[in-house]
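**Q** Just start.cif, nothing more (mmCIF, C-alpha atoms):
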data_final
#
loop_
_atom_site.label_atom_id
_atom_site.label_comp_id
_atom_site.auth_asym_id
_atom_site.auth_seq_id
_atom_site.Cartn_x
_atom_site.Cartn_y
_atom_site.Cartn_z
CA MET G 102 4.48 -64.06 -39.08
CA GLY G 103 7.95 -62.88 -40.02
CA GLN G 104 6.42 -59.90 -41.86
CA VAL G 105 4.38 -58.93 -38.76
CA THR G 106 7.49 -59.16 -36.56
CA SER G 107 9.43 -57.04 -39.02
CA THR G 108 6.66 -54.42 -39.08
CA LEU G 109 6.53 -54.29 -35.27
CA ALA G 110 10.31 -53.97 -35.09
CA TYR G 111 10.20 -51.14 -37.61
CA LYS G 112 7.52 -49.29 -35.62
CA ASP G 113 9.46 -49.86 -32.41
CA GLU G 114 12.56 -48.40 -34.02
CA LYS G 115 10.56 -45.35 -35.13
CA VAL G 116 9.27 -44.84 -31.59
CA LYS G 117 12.85 -45.01 -30.28
CA GLU G 118 13.95 -42.46 -32.88
CA LYS G 119 11.16 -40.08 -31.79
CA VAL G 120 12.10 -40.47 -28.10
CA THR G 121 15.78 -39.89 -28.90
CA PHE G 122 14.87 -36.84 -31.00
CA ALA G 123 12.71 -35.46 -28.16
CA LYS G 124 15.58 -35.89 -25.70
CA GLU G 125 17.95 -34.10 -28.04
CA GLU G 126 15.39 -31.31 -28.48
CA SER G 127 15.09 -30.86 -24.70
CA LEU G 128 18.86 -30.42 -24.35
CA GLN G 129 19.02 -27.18 -26.28
CA ILE G 130 19.69 -23.59 -25.35
CA PHE G 131 18.85 -20.81 -27.77
CA ASN G 132 17.70 -23.35 -30.37
CA MET G 133 21.07 -25.11 -30.57
CA PRO G 134 22.55 -28.23 -28.95
CA ILE G 135 23.61 -27.45 -25.40
CA LEU G 136 27.21 -28.51 -26.08
CA TRP G 137 27.58 -25.92 -28.84
CA PHE G 138 25.98 -23.24 -26.69
CA LEU G 139 28.50 -24.02 -23.93
CA VAL G 140 31.32 -23.62 -26.47
CA PHE G 141 30.02 -20.13 -27.30
CA THR G 142 29.67 -19.41 -23.58
CA GLY G 143 33.24 -20.52 -22.90
CA ILE G 144 34.62 -18.28 -25.65
CA THR G 145 32.59 -15.35 -24.32
CA LEU G 146 33.75 -15.84 -20.71
CA VAL G 147 37.42 -16.20 -21.70
CA SER G 148 37.17 -12.98 -23.74
CA LEU G 149 35.33 -11.25 -20.88
CA TYR G 150 37.70 -12.14 -18.05
CA THR G 151 40.94 -11.77 -19.99
CA GLY G 152 40.01 -8.24 -21.01
CA ASN G 153 39.81 -9.12 -24.71
CA LEU G 154 36.08 -8.68 -25.23
CA PRO G 155 35.36 -6.62 -28.38
CA GLY G 156 34.33 -3.08 -27.54
CA GLY G 157 31.01 -1.39 -28.14
CA MET G 158 27.86 -3.14 -29.28
CA ILE G 159 29.51 -6.42 -30.38
CA GLY G 160 31.04 -7.42 -27.05
CA THR G 161 28.15 -6.03 -25.00
CA LEU G 162 25.41 -7.77 -26.96
CA LEU G 163 27.42 -11.01 -26.99
CA VAL G 164 27.63 -11.07 -23.18
CA MET G 165 23.95 -10.11 -22.83
CA MET G 166 22.76 -12.80 -25.23
CA VAL G 167 24.96 -15.62 -23.92
CA LEU G 168 24.55 -15.00 -20.18
CA GLY G 169 20.93 -13.86 -20.55
CA GLU G 170 19.96 -17.04 -22.39
CA LEU G 171 21.91 -19.19 -19.92
CA LEU G 172 20.22 -17.63 -16.87
CA GLY G 173 16.81 -17.64 -18.57
CA TRP G 174 17.16 -21.30 -19.53
CA ALA G 175 18.12 -22.21 -15.95
CA GLY G 176 15.25 -20.16 -14.47
CA ASP G 177 12.67 -21.76 -16.74
CA ARG G 178 13.76 -25.20 -15.52
CA THR G 179 14.23 -24.57 -11.80
CA PRO G 180 11.40 -25.92 -9.60
CA ILE G 181 9.46 -23.28 -7.61
CA VAL G 182 11.28 -20.49 -9.47
CA LYS G 183 9.66 -21.43 -12.80
CA THR G 184 6.24 -21.87 -11.20
CA PHE G 185 5.98 -19.08 -8.63
CA LEU G 186 8.83 -16.59 -9.04
CA GLY G 187 8.78 -15.56 -12.70
CA GLY G 188 11.04 -18.28 -14.10
CA GLY G 189 13.71 -17.24 -16.57
CA ALA G 190 12.66 -13.58 -16.56
CA ILE G 191 13.37 -12.98 -12.88
CA ILE G 192 16.56 -15.08 -12.90
CA ALA G 193 17.92 -13.17 -15.90
CA ILE G 194 17.22 -9.83 -14.20
CA PHE G 195 18.29 -10.58 -10.66
CA GLY G 196 21.05 -12.97 -11.67
CA SER G 197 22.75 -10.17 -13.60
CA ALA G 198 21.99 -7.66 -10.83
CA PHE G 199 23.67 -10.03 -8.36
CA MET G 200 26.70 -10.34 -10.66
CA VAL G 201 27.07 -6.56 -10.48
CA TYR G 202 26.41 -6.49 -6.72
CA ALA G 203 29.01 -9.22 -6.07
CA GLY G 204 31.58 -7.74 -8.46
CA LEU G 205 31.45 -10.75 -10.79
CA LEU G 206 31.27 -8.60 -13.93
CA PRO G 207 34.25 -6.40 -14.88
CA GLU G 208 33.57 -2.73 -14.26
CA ALA G 209 34.28 -1.86 -17.89
CA THR G 210 31.62 -4.35 -19.04
CA VAL G 211 29.06 -2.99 -16.57
CA THR G 212 29.71 0.55 -17.84
CA SER G 213 29.55 -0.51 -21.48
CA MET G 214 26.32 -2.45 -20.94
CA THR G 215 24.71 0.42 -19.03
CA ASP G 216 25.61 2.81 -21.82
CA PHE G 217 24.27 0.38 -24.44
CA MET G 218 20.97 0.04 -22.59
CA LYS G 219 20.51 3.74 -21.84
CA SER G 220 22.33 6.15 -24.16
CA GLY G 221 22.77 3.38 -26.76
CA GLY G 222 18.99 2.96 -26.88
CA PHE G 223 18.74 -0.85 -26.90
CA LEU G 224 15.67 -0.78 -24.65
CA ASN G 225 13.95 1.72 -26.95
CA PHE G 226 14.97 -0.33 -29.99
CA TYR G 227 13.36 -3.44 -28.49
CA ILE G 228 10.15 -1.76 -27.34
CA ALA G 229 9.73 0.07 -30.68
CA ALA G 230 9.71 -3.31 -32.46
CA LEU G 231 7.15 -4.76 -30.06
CA ILE G 232 4.79 -1.78 -30.18
CA THR G 233 4.85 -1.45 -33.97
CA GLY G 234 4.61 -5.16 -34.78
CA SER G 235 2.02 -6.07 -32.18
CA ILE G 236 -0.37 -3.18 -32.94
CA LEU G 237 -0.11 -3.60 -36.72
CA GLY G 238 -0.80 -7.31 -36.19
CA MET G 239 -4.08 -6.65 -34.36
CA ASN G 240 -7.59 -6.73 -35.77
CA SER G 241 -8.34 -3.03 -36.39
CA LYS G 242 -12.06 -3.21 -35.49
CA VAL G 243 -11.38 -4.90 -32.18
CA LEU G 244 -8.49 -2.48 -31.51
CA VAL G 245 -10.98 0.41 -31.53
CA LYS G 246 -13.35 -1.52 -29.30
CA VAL G 247 -10.63 -2.30 -26.73
CA GLY G 248 -9.00 1.14 -26.72
CA LEU G 249 -12.17 2.93 -25.67
CA ARG G 250 -12.58 0.70 -22.60
CA TYR G 251 -9.00 0.36 -21.43
CA PHE G 252 -8.80 3.30 -19.04
CA LEU G 253 -11.45 1.94 -16.68
CA PRO G 254 -9.26 -0.96 -15.44
CA ILE G 255 -6.35 1.50 -15.07
CA ILE G 256 -8.52 3.61 -12.75
CA GLY G 257 -9.53 0.40 -10.96
CA ALA G 258 -5.85 -0.49 -10.47
CA VAL G 259 -5.07 2.89 -8.89
CA ALA G 260 -8.13 2.77 -6.64
CA GLY G 261 -7.40 -0.79 -5.54
CA ALA G 262 -3.75 0.01 -4.81
CA VAL G 263 -4.58 3.08 -2.73
CA ILE G 264 -7.31 1.34 -0.72
CA ILE G 265 -5.41 -1.84 0.13
CA ALA G 266 -2.09 -0.09 0.75
CA GLY G 267 -3.83 2.43 3.02
CA LEU G 268 -5.47 -0.35 5.04
CA LEU G 269 -2.41 -2.59 5.26
CA GLY G 270 -0.07 0.33 5.92
CA SER G 271 -2.22 1.50 8.82
CA LEU G 272 -2.24 -2.02 10.30
CA VAL G 273 1.56 -2.35 10.25
CA GLY G 274 2.33 1.12 11.58
CA PHE G 275 2.56 3.51 8.62
CA THR G 276 0.57 6.73 8.52
CA LEU G 277 -1.90 7.22 5.66
CA GLN G 278 0.43 9.85 4.19
CA GLU G 279 3.39 7.45 4.19
CA ALA G 280 1.41 4.54 2.78
CA ILE G 281 -0.04 6.57 -0.10
CA LEU G 282 2.53 9.26 -0.91
CA VAL G 283 5.81 7.46 -0.19
CA ILE G 284 4.90 3.89 -1.15
CA THR G 285 1.79 3.70 -3.40
CA MET G 286 2.38 6.71 -5.65
CA PRO G 287 5.96 5.86 -6.75
CA ILE G 288 5.04 2.21 -7.39
CA MET G 289 2.10 3.20 -9.61
CA GLY G 290 3.92 6.16 -11.19
CA GLY G 291 5.36 4.73 -14.40
CA GLY G 292 8.97 4.00 -13.47
CA MET G 293 11.98 6.13 -12.55
CA GLY G 294 12.38 8.77 -15.25
CA ALA G 295 8.67 9.29 -15.90
CA GLY G 296 7.53 8.65 -12.34
CA ALA G 297 9.81 8.89 -9.31
CA VAL G 298 11.99 11.75 -10.60
CA PRO G 299 9.17 14.18 -11.56
CA MET G 300 7.24 13.05 -8.48
CA SER G 301 10.18 14.07 -6.26
CA GLN G 302 10.04 17.51 -7.92
CA ILE G 303 6.32 17.81 -7.15
CA TYR G 304 6.87 16.76 -3.54
CA SER G 305 9.77 19.22 -3.20
CA GLU G 306 7.74 22.12 -4.56
CA MET G 307 4.68 21.38 -2.39
CA MET G 308 6.27 20.15 0.85
CA GLY G 309 9.78 21.60 0.90
CA ASN G 310 13.12 19.69 1.17
CA ASP G 311 15.41 18.87 -1.73
CA PRO G 312 14.16 16.45 -4.44
CA SER G 313 17.00 14.04 -3.57
CA TYR G 314 15.46 13.66 -0.09
CA TYR G 315 12.25 12.30 -1.63
CA ILE G 316 14.06 10.22 -4.26
CA SER G 317 15.79 8.27 -1.47
CA MET G 318 12.34 7.40 -0.07
CA LEU G 319 10.60 6.69 -3.38
CA VAL G 320 13.17 4.43 -5.04
CA PRO G 321 13.00 1.48 -2.57
CA ALA G 322 9.21 1.29 -3.03
CA LEU G 323 9.63 1.41 -6.81
CA ALA G 324 12.28 -1.32 -6.82
CA LEU G 325 10.46 -3.68 -4.46
CA GLY G 326 7.14 -3.11 -6.23
CA ASN G 327 8.82 -4.12 -9.49
CA VAL G 328 10.01 -7.39 -7.89
CA PHE G 329 6.49 -8.25 -6.70
CA ALA G 330 5.01 -7.31 -10.09
CA ILE G 331 7.30 -9.79 -11.88
CA ILE G 332 6.63 -12.57 -9.37
CA LEU G 333 2.86 -12.06 -9.42
CA ALA G 334 2.85 -11.95 -13.23
CA SER G 335 4.07 -15.53 -13.17
CA VAL G 336 1.46 -16.43 -10.56
CA LEU G 337 -1.32 -14.92 -12.70
CA ASP G 338 -0.13 -16.94 -15.68
CA MET G 339 -0.36 -20.07 -13.54
CA ILE G 340 -3.85 -19.14 -12.31
CA GLY G 341 -4.94 -18.57 -15.90
CA LYS G 342 -3.87 -22.12 -16.78
CA LYS G 343 -5.70 -23.56 -13.76
CA VAL G 344 -8.87 -21.50 -14.33
CA PRO G 345 -9.16 -21.06 -18.12
CA SER G 346 -12.33 -18.96 -17.87
CA LEU G 347 -10.32 -16.10 -16.32
CA SER G 348 -7.72 -15.92 -19.07
CA GLY G 349 -7.62 -15.13 -22.77
CA ASN G 350 -4.10 -16.62 -23.12
CA GLY G 351 -2.75 -13.30 -24.35
CA GLN G 352 -6.04 -11.90 -25.70
CA LEU G 353 -7.32 -8.91 -23.76
CA MET G 354 -10.92 -9.72 -24.69
CA LYS G 355 -12.80 -12.36 -26.66
CA GLY G 356 -12.16 -12.00 -30.37
CA PHE G 357 -9.13 -9.76 -29.78
CA THR G 358 -6.44 -11.73 -31.55
CA TYR G 359 -2.92 -11.01 -32.65
CA GLU G 360 -2.86 -11.94 -36.32
CA LYS G 361 0.46 -13.69 -36.83
CA THR G 362 1.54 -13.81 -40.44
CA LYS G 363 0.88 -17.20 -42.01
CA GLN G 364 3.59 -16.99 -44.63
CA LYS G 365 7.21 -17.97 -44.14
CA TYR G 366 9.69 -15.52 -42.70
CA ASN G 367 11.08 -13.17 -45.31
CA VAL G 368 14.30 -11.31 -44.49
CA GLU G 369 13.47 -8.50 -46.88
CA LYS G 370 10.08 -7.97 -45.23
CA MET G 371 11.75 -8.05 -41.82
CA GLY G 372 14.00 -5.22 -43.01
CA VAL G 373 10.89 -3.25 -43.94
CA GLY G 374 9.46 -3.99 -40.48
CA LEU G 375 12.66 -2.76 -38.83
CA LEU G 376 12.49 0.47 -40.83
CA ALA G 377 8.81 0.95 -39.88
CA ALA G 378 9.55 0.45 -36.16
CA LEU G 379 12.45 2.91 -36.19
CA THR G 380 10.44 5.50 -38.15
CA PHE G 381 7.42 5.35 -35.84
CA PHE G 382 9.72 5.75 -32.84
CA ALA G 383 11.49 8.70 -34.49
CA VAL G 384 8.15 10.43 -35.17
CA GLY G 385 7.04 9.80 -31.58
CA THR G 386 10.28 11.34 -30.31
CA LEU G 387 9.93 14.32 -32.66
CA LEU G 388 6.35 15.04 -31.58
CA GLY G 389 7.33 14.46 -27.94
CA THR G 390 9.32 17.71 -28.09
CA VAL G 391 6.12 19.72 -28.64
CA LEU G 392 3.40 17.56 -27.03
CA PRO G 393 3.12 16.88 -23.26
CA LEU G 394 3.22 13.10 -23.78
CA HIS G 395 5.94 10.46 -23.60
CA PRO G 396 7.29 9.38 -27.03
CA TYR G 397 6.03 5.82 -26.38
CA ALA G 398 2.51 7.11 -25.80
CA ILE G 399 2.63 9.18 -28.98
CA MET G 400 4.03 6.23 -30.90
CA ILE G 401 1.20 3.96 -29.71
CA ILE G 402 -1.39 6.51 -30.84
CA LEU G 403 0.29 6.91 -34.25
CA VAL G 404 0.63 3.18 -34.94
CA ALA G 405 -2.94 2.52 -33.78
CA ALA G 406 -4.25 5.34 -36.01
CA ALA G 407 -2.30 3.96 -38.96
CA LYS G 408 -3.71 0.48 -38.36
CA ILE G 409 -7.30 1.64 -37.89
CA SER G 410 -7.18 3.82 -41.02
CA ASN G 411 -5.72 0.91 -43.03
CA MET G 412 -3.16 3.26 -44.57
CA ILE G 413 -0.13 0.99 -44.11
CA PRO G 414 0.70 -1.34 -47.07
CA GLN G 415 0.25 -5.04 -46.33
CA ASN G 416 3.92 -5.90 -46.88
CA VAL G 417 4.88 -3.31 -44.22
CA VAL G 418 2.30 -4.78 -41.82
CA GLU G 419 3.65 -8.28 -42.41
CA GLY G 420 7.24 -7.09 -42.13
CA ALA G 421 6.58 -5.30 -38.82
CA SER G 422 4.87 -8.43 -37.51
CA GLN G 423 7.79 -10.64 -38.51
CA TRP G 424 10.38 -8.22 -37.11
CA TYR G 425 8.48 -8.09 -33.80
CA GLN G 426 8.49 -11.89 -33.59
CA PHE G 427 12.22 -12.03 -34.38
CA VAL G 428 13.11 -9.47 -31.71
CA ALA G 429 10.89 -11.05 -29.04
CA SER G 430 12.18 -14.55 -29.78
CA ASN G 431 15.89 -13.75 -29.87
CA TRP G 432 16.61 -10.77 -27.64
CA THR G 433 14.22 -10.93 -24.69
CA PHE G 434 16.60 -12.67 -22.26
CA ALA G 435 19.47 -10.49 -23.49
CA LEU G 436 17.42 -7.40 -22.73
CA LEU G 437 16.40 -8.73 -19.30
CA PHE G 438 20.07 -9.35 -18.48
CA GLY G 439 20.80 -5.75 -19.46
CA ILE G 440 17.91 -4.52 -17.31
CA GLY G 441 19.44 -6.30 -14.32
CA VAL G 442 22.80 -4.65 -14.92
CA ALA G 443 21.68 -1.14 -15.86
CA TYR G 444 18.45 -0.61 -13.94
CA THR G 445 18.33 -2.95 -10.94
CA ASP G 446 20.19 -1.93 -7.77
CA LEU G 447 20.17 -4.81 -5.29
CA ASN G 448 21.39 -2.50 -2.52
CA THR G 449 18.22 -0.44 -2.87
CA VAL G 450 16.01 -3.53 -2.79
CA LEU G 451 17.80 -5.09 0.20
CA GLU G 452 17.65 -1.87 2.25
CA ALA G 453 13.85 -1.88 1.98
CA LEU G 454 13.40 -5.38 3.36
CA THR G 455 11.49 -4.77 6.58
CA ILE G 456 8.33 -6.80 7.20
CA GLN G 457 6.11 -3.71 7.45
CA TYR G 458 7.48 -2.22 4.24
CA ILE G 459 7.26 -5.51 2.32
CA LEU G 460 3.64 -6.08 3.36
CA THR G 461 2.59 -2.57 2.34
CA VAL G 462 4.32 -2.81 -1.04
CA LEU G 463 2.70 -6.21 -1.58
CA GLY G 464 -0.64 -4.60 -0.74
CA VAL G 465 -0.11 -1.97 -3.45
CA VAL G 466 0.58 -4.59 -6.12
CA LEU G 467 -2.26 -6.88 -5.02
CA GLY G 468 -4.63 -3.91 -4.96
CA ALA G 469 -3.62 -3.02 -8.52
CA ILE G 470 -4.29 -6.60 -9.63
CA ILE G 471 -7.69 -6.80 -7.93
CA GLY G 472 -8.89 -3.37 -9.08
CA ALA G 473 -7.79 -3.85 -12.69
CA GLY G 474 -9.11 -7.41 -12.85
CA LEU G 475 -12.55 -6.53 -11.48
CA LEU G 476 -13.13 -3.43 -13.59
CA GLY G 477 -11.55 -5.15 -16.59
CA LYS G 478 -14.11 -7.94 -16.34
CA LEU G 479 -16.84 -5.30 -16.03
CA VAL G 480 -15.98 -3.92 -19.49
CA GLY G 481 -15.57 -7.34 -21.09
CA PHE G 482 -11.83 -7.99 -20.66
CA TYR G 483 -10.37 -11.24 -19.42
CA PRO G 484 -9.50 -10.60 -15.72
CA ILE G 485 -5.99 -12.12 -15.97
CA GLU G 486 -4.97 -10.00 -18.97
CA ALA G 487 -6.56 -6.86 -17.47
CA ALA G 488 -4.75 -7.48 -14.17
CA ILE G 489 -1.41 -7.94 -15.97
CA THR G 490 -1.62 -4.95 -18.32
CA ALA G 491 -3.64 -2.34 -16.42
CA GLY G 492 -2.56 -3.60 -12.98
CA LEU G 493 0.98 -4.99 -12.92
CA CYS G 494 2.21 -2.77 -15.74
CA MET G 495 1.10 0.23 -13.66
CA ALA G 496 2.89 -1.20 -10.60
CA ASN G 497 6.22 -2.08 -12.23
CA MET G 498 9.28 -0.03 -13.17
CA GLY G 499 8.13 1.46 -16.47
CA GLY G 500 9.44 0.14 -19.79
CA THR G 501 11.95 -2.26 -18.23
CA GLY G 502 9.28 -3.58 -15.87
CA ASP G 503 6.83 -4.04 -18.75
CA VAL G 504 9.27 -6.31 -20.55
CA ALA G 505 9.93 -8.33 -17.39
CA VAL G 506 6.24 -8.64 -16.41
CA LEU G 507 5.07 -9.66 -19.88
CA SER G 508 7.96 -12.09 -20.21
CA ALA G 509 7.15 -13.69 -16.83
CA SER G 510 3.47 -13.97 -17.76
CA LYS G 511 4.32 -15.17 -21.32
CA ARG G 512 2.22 -12.42 -22.93
CA MET G 513 4.67 -10.22 -24.85
CA GLU G 514 1.98 -9.44 -27.46
CA LEU G 515 0.30 -7.19 -24.87
CA MET G 516 3.19 -4.68 -24.94
CA PRO G 517 1.13 -1.78 -26.43
CA PHE G 518 -1.33 -1.93 -23.52
CA ALA G 519 1.51 -2.31 -21.03
CA GLN G 520 3.02 0.89 -22.43
CA ILE G 521 -0.32 2.73 -22.19
CA SER G 522 -0.41 1.77 -18.52
CA SER G 523 3.19 2.81 -17.87
CA ARG G 524 3.14 6.07 -19.83
CA LEU G 525 -0.39 7.51 -19.82
CA GLY G 526 -1.23 5.83 -16.51
CA GLY G 527 1.99 7.18 -15.05
CA ALA G 528 1.02 10.70 -16.12
CA LEU G 529 -2.32 10.19 -14.35
CA ILE G 530 -0.46 9.31 -11.12
CA LEU G 531 1.63 12.51 -11.29
CA LEU G 532 -1.59 14.50 -11.62
CA LEU G 533 -3.13 12.64 -8.67
CA ALA G 534 -0.02 13.18 -6.55
CA GLY G 535 -0.36 16.93 -7.00
CA LEU G 536 -4.05 16.77 -6.01
CA ILE G 537 -3.65 14.41 -3.03
CA ILE G 538 -0.75 16.20 -1.27
CA PRO G 539 -2.88 19.16 -0.08
CA LEU G 540 -5.52 16.72 1.20
CA LEU G 541 -3.07 14.61 3.22
#
Once you've parsed the file, please lay out its structure as structure tokens.
**A**
Amino acid sequence: MGQVTSTLAYKDEKVKEKVTFAKEESLQIFNMPILWFLVFTGITLVSLYTGNLPGGMIGTLLVMMVLGELLGWAGDRTPIVKTFLGGGAIIAIFGSAFMVYAGLLPEATVTSMTDFMKSGGFLNFYIAALITGSILGMNSKVLVKVGLRYFLPIIGAVAGAVIIAGLLGSLVGFTLQEAILVITMPIMGGGMGAGAVPMSQIYSEMMGNDPSYYISMLVPALALGNVFAIILASVLDMIGKKVPSLSGNGQLMKGFTYEKTKQKYNVEKMGVGLLAALTFFAVGTLLGTVLPLHPYAIMIILVAAAKISNMIPQNVVEGASQWYQFVASNWTFALLFGIGVAYTDLNTVLEALTIQYILTVLGVVLGAIIGAGLLGKLVGFYPIEAAITAGLCMANMGGTGDVAVLSASKRMELMPFAQISSRLGGALILLLAGLIIPLL
């Protein structure tokens, strides 16, 4: 009897240890005890607000990582926000944008972070890792099968956006020209640099007025469309969990899997993966000077060709895969914080907040989801993944929007297809804009 009691007591003690361990695990930020993370945060804030933050990359990345992780952690645990509004992704972006809007970040830090994100190339550095690692980690046979079908859901997204925005816009008082040219086209156009800016040049050449006149009309649609894309990405993730038959949980089609390396992380291989990502991006940039394609688009084609031809050594493939996982795991919230500071203007978003405008922009994004989802299913894709990549990643703000949308939907492995939508799909929109203007 005493032995049985002792055994039960031992088991009970083990259960208590597991519960205690689980509680300790839940009170972590960035894979460390919350108390230690708060110590790092305190040091960062003291350095920031006393003007003693190290200059350049060190101080900038420190602020982005600490505040990005803090906002992301809070967003992923806030009711309603975590379920319907994009969770940590949207809080990291708009929390940092609000800090700039309210003057809570020192001007020198805002300038340094903007430079780091743009001229410093941190966004390109991040996306290069994701494109290289995720494509090289795919099954090459299925990659060919998917690539040939992918443009149909993109066309479906554009058609759906135009149809629904045209109908909704007409109902709330916009003309067909306003609903399509001023609202739908910039939202579906691949972001600011590859979309709104060249689009304003096209409009200027074909309709008169200075390009800046059209930019002032296009940017609010682009910004608000990006907000809806992030929010609806989270909603689609939730729908996929409720209706499993609609979702591949990150797979674009059945059998299309991302082959994560089974061996332990190897820092030397990760160095090889870093080198591979930087080299592919450099080649894409080099060829972008002579080819009429965005460097991301060229890079995707090159990495996919290398994977399909099986010309890349296995240790490079594994290294690229490991480097991709490291970057996505450790710097996503930092990058989202930087996106909020460098690319998100709350003034622009707030100025666009009329009911008619909001409804029409929502119609564009919903149309992109419906069109991409339906035609994606037609060619054998999971509707949720097709709607996210070919739909929402056409309707967001380019590369920054792709990161935010895939983070909100918890599908970062789909980055190559998101970039196809943003870059090649964006080029398609510029072509359509030139064709539609004479008709409208």
**Q** Name every residue that the PyMOL selection byres ((chain G and resi 212) around 12) selects in this structure, writing the answer as a VMD selection string with chains first and numbers rising.
**A** chain G and resid 156 to 157 161 201 206 to 211 213 to 221 439 442 to 444
**Q** From the options G:Asp311, G:Gly222, G:Leu507, G:Ala405, which residue's atoms come nearest to Phe381 (chain G), counting only C-alpha atoms?
**A**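 Looking only at the distances to Phe381 (chain G), the closest residue turns out to be G:Ala405.
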**Q** Grab the CA of Ile281 (chain G) to CA of Ala491 (chain G) distance for me, in Å with one decimal place.
**A**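 Separating CA of Ile281 (chain G) from CA of Ala491 (chain G) is a distance of 18.9 Å.
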**Q** Spell out the residues picked by the PyMOL selection byres ((chain G and resi 251-261) around 9) here, as a ChimeraX atom specification.
**A** /G:247-250,262-266,285-286,289,465-480,482,487-488,490-493,495-496,518,522,526,530
**Q** Neighbouring residues of Ala429 (chain G) were defined as those with any atom within 10 Å, considering all atoms listed in the file; residues of the same chain fewer than 3 positions away were excluded. Please report them as a PyMOL selection string.
**A** chain G and resi 227-228+230-231+423-426+432-434+436+504+508+513-514
**Q** Taking 3 positions as the minimum chain separation for residues in the same chain, which residues sit within 10 Å of Ala175 (chain G) when counting all atoms listed in the file? Answer as a ChimeraX atom specification.
**A** /G:130,169-172,178-180,182-183,188-189,192-193
**Q** Work out how far CA of Met498 (chain G) is from CA of Val167 (chain G), in Å to one decimal.
**A**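 For CA of Val167 (chain G) relative to CA of Met498 (chain G), the distance reads 24.6 Å.
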**Q** How would you write, as a PyMOL selection string, the residues chosen by the PyMOL selection byres ((chain G and resi 366) around 12) on this structure?
**A** chain G and resi 361-365+367-372+374+416+419-427
**Q** Ranking G:Gly290, G:Gly535, G:Gly464, G:Pro517 by minimum distance to Ser305 (chain G) and counting all atoms listed in the file, which one comes first?
**A**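 For Ser305 (chain G), the nearest of the candidates is G:Gly535.
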**Q** Hey, can you pull every residue with an atom no more than 9 Å from (-1.6, -11.3, -26.6), using all atoms listed in the file, and send it as number ranges by chain?
**A** G: 235, 349-353, 357-359, 486, 511-516
**Q** For each of G:Gly309, G:Ala528, G:Met354, G:Gly441, take the minimum atom-to-atom distance to Val243 (chain G), counting all atoms listed in the file, then give the residue where this is smallest.
**A**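 Going through G:Gly309, G:Ala528, G:Met354, G:Gly441 one by one, the smallest distance to Val243 (chain G) is for G:Met354.
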**Q** As an exercise, work out the distance from CA of Pro393 (chain G) to CA of Ile236 (chain G) in Å and give it to one decimal place.
**A**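 Rounded to one decimal, the two atoms are 22.5 Å apart.
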**Q** Restricting the calculation to all atoms listed in the file, which member of G:Gly500, G:Asp177, G:Met158, G:Ala190 is positioned closest to Ile331 (chain G)?
**A**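 Between G:Gly500, G:Asp177, G:Met158, G:Ala190, the residue approaching Ile331 (chain G) most closely is G:Ala190.
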